[in-house]
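The structure under discussion appears below in the form of structure tokens.
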Amino acid sequence: MGRLRVDRLCPSPGRLLTADGEVVAARCHRAATPLARLVGLLGTPDLAPDEALWLEPCASVHAVGLRAPVGCAFLDPEGRVLRLVDPLPRGRAAARRGARAVVECRAGVLAALPPGARLVLAP
């Protein structure tokens with residue numbers, strides 16, 4: 001109960017949307033503080049299909065110690081997808097030069113996004 005978890009370190013979740021208004025994740029936590037970014041999904045046993053994590057600023061992520069398989073999208077400052085890694089193999093890392101943020105979701109959720117798609121975190 002007292003473990004560090006990103007949902008306890010971040011403010012109320014928003015909704016992760018495409019630029020067209022399509023809901024990608026109904027609950028998206030925004031990890032903007034150094035502690036929230038450091039903890040990330042490490043204390044999360046499993047991500048729900050409608051749950052995501054927006055890490056900002058961030059240009060690289062890893063799946064070392066994660067319990068659930070995740071996929072990630074690297075975003076430019078305008079929220080456009082620069083690189084998509086879905087799924088991110090356990091124990092591996094991924095990065096994208098020029099990325100401003102990374103969105104992590106349950107594996108398979110982001111796979112349908114085309115390169116250049118724009119994501120928005122709505123309150």
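Chain identifiers are assigned as A, B, and so on, following the order in which chains appear in the structure tokens; residues are numbered from 1 within each chain, and ligands are numbered from 1 in order of appearance.
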Inset, instruction - For Arg37 in chain A, work out the shell of residues within 10 Å, counting only C-alpha atoms and skipping chain neighbours fewer than 5 positions away, then give it as number ranges by chain. - result: A: 6, 9-10, 30-32, 53-58, 61
Given the selection you just returned, output its residues as a file containing N, CA and C atoms, formatted as a compact mmCIF listing (two decimals), in the first residue's frame.
# COMPACT_ATOMS: atom_id res chain seq x y z
N VAL A 6 3.08 5.39 -9.81
CA VAL A 6 2.90 6.61 -10.58
C VAL A 6 1.50 7.19 -10.40
N LEU A 9 1.64 9.43 -7.53
CA LEU A 9 2.57 10.55 -7.63
C LEU A 9 2.11 11.63 -8.61
N CYS A 10 1.12 11.32 -9.43
CA CYS A 10 0.66 12.25 -10.46
C CYS A 10 -0.71 12.81 -10.11
N ARG A 30 0.07 11.81 -16.16
CA ARG A 30 1.16 12.65 -16.69
C ARG A 30 2.27 12.71 -15.65
N ALA A 31 3.39 12.06 -15.98
CA ALA A 31 4.56 12.05 -15.10
C ALA A 31 5.48 13.19 -15.53
N ALA A 32 5.38 14.31 -14.85
CA ALA A 32 6.17 15.49 -15.21
C ALA A 32 7.24 15.81 -14.18
N LEU A 53 0.52 6.17 -19.63
CA LEU A 53 1.42 7.06 -18.90
C LEU A 53 2.10 7.97 -19.90
N TRP A 54 2.03 9.29 -19.66
CA TRP A 54 2.67 10.30 -20.49
C TRP A 54 3.88 10.80 -19.71
N LEU A 55 5.08 10.54 -20.21
CA LEU A 55 6.32 10.97 -19.56
C LEU A 55 6.87 12.18 -20.30
N GLU A 56 7.04 13.29 -19.58
CA GLU A 56 7.53 14.51 -20.22
C GLU A 56 8.33 15.34 -19.23
N PRO A 57 9.53 15.79 -19.58
CA PRO A 57 10.27 15.50 -20.80
C PRO A 57 10.89 14.11 -20.74
N CYS A 58 10.98 13.47 -21.90
CA CYS A 58 11.51 12.12 -21.96
C CYS A 58 11.84 11.77 -23.41
N VAL A 61 13.17 5.21 -22.82
CA VAL A 61 12.50 4.42 -21.79
C VAL A 61 13.12 3.03 -21.77
Legend entry - Close residues, Ala73 in chain A itself excluded, 7 Å, only C-alpha atoms, min 3 positions apart in chain, as a list of chain:residue names: A:Val81, A:Arg83, A:Leu84, A:Val85, A:Val102, A:Val103, A:Glu104
Inset, instruction - Go through A:Arg80, A:Arg15, A:Arg8, A:Arg27 and flag the residue nearest Arg118 in chain A, using only C-alpha atoms for the distances. - result: A:Arg80
Legend entry - Contact residues around range 96-98 of chain A with only C-alpha atoms at 8 Å, ignoring same-chain residues under 6 positions, as an MDAnalysis selection string: chainID A and resid 59:60 74 76 82:83
Inset, instruction - Run DSSP on the backbone and give me the residues of range 79-120 of chain A it puts in strand (DSSP E or B), as a VMD selection string. - result: chain A and resid 80 to 88 93 to 95 101 to 106 118 to 120
Inset, instruction - Go through A:Gly65, A:Pro123, A:Gly40, A:Pro45 one by one, measure the shortest atom-to-atom distance of each to Cys28 in chain A using only C-alpha atoms, and give the residue with the smallest value. - result: A:Pro123
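Reported to one decimal place, the separation of CA of Val39 in chain A from CA of Ala112 in chain A is 27.2 Å.
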Inset, instruction - One decimal, Å: what's the distance from CA of Ala68 in chain A over to CA of Leu17 in chain A, could you say? - result: 22.3 Å
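Residue nearest Val120 in chain A, chosen from A:Leu4, A:Leu16, A:Leu38, A:Ala48 and counting only C-alpha atoms: A:Leu16.
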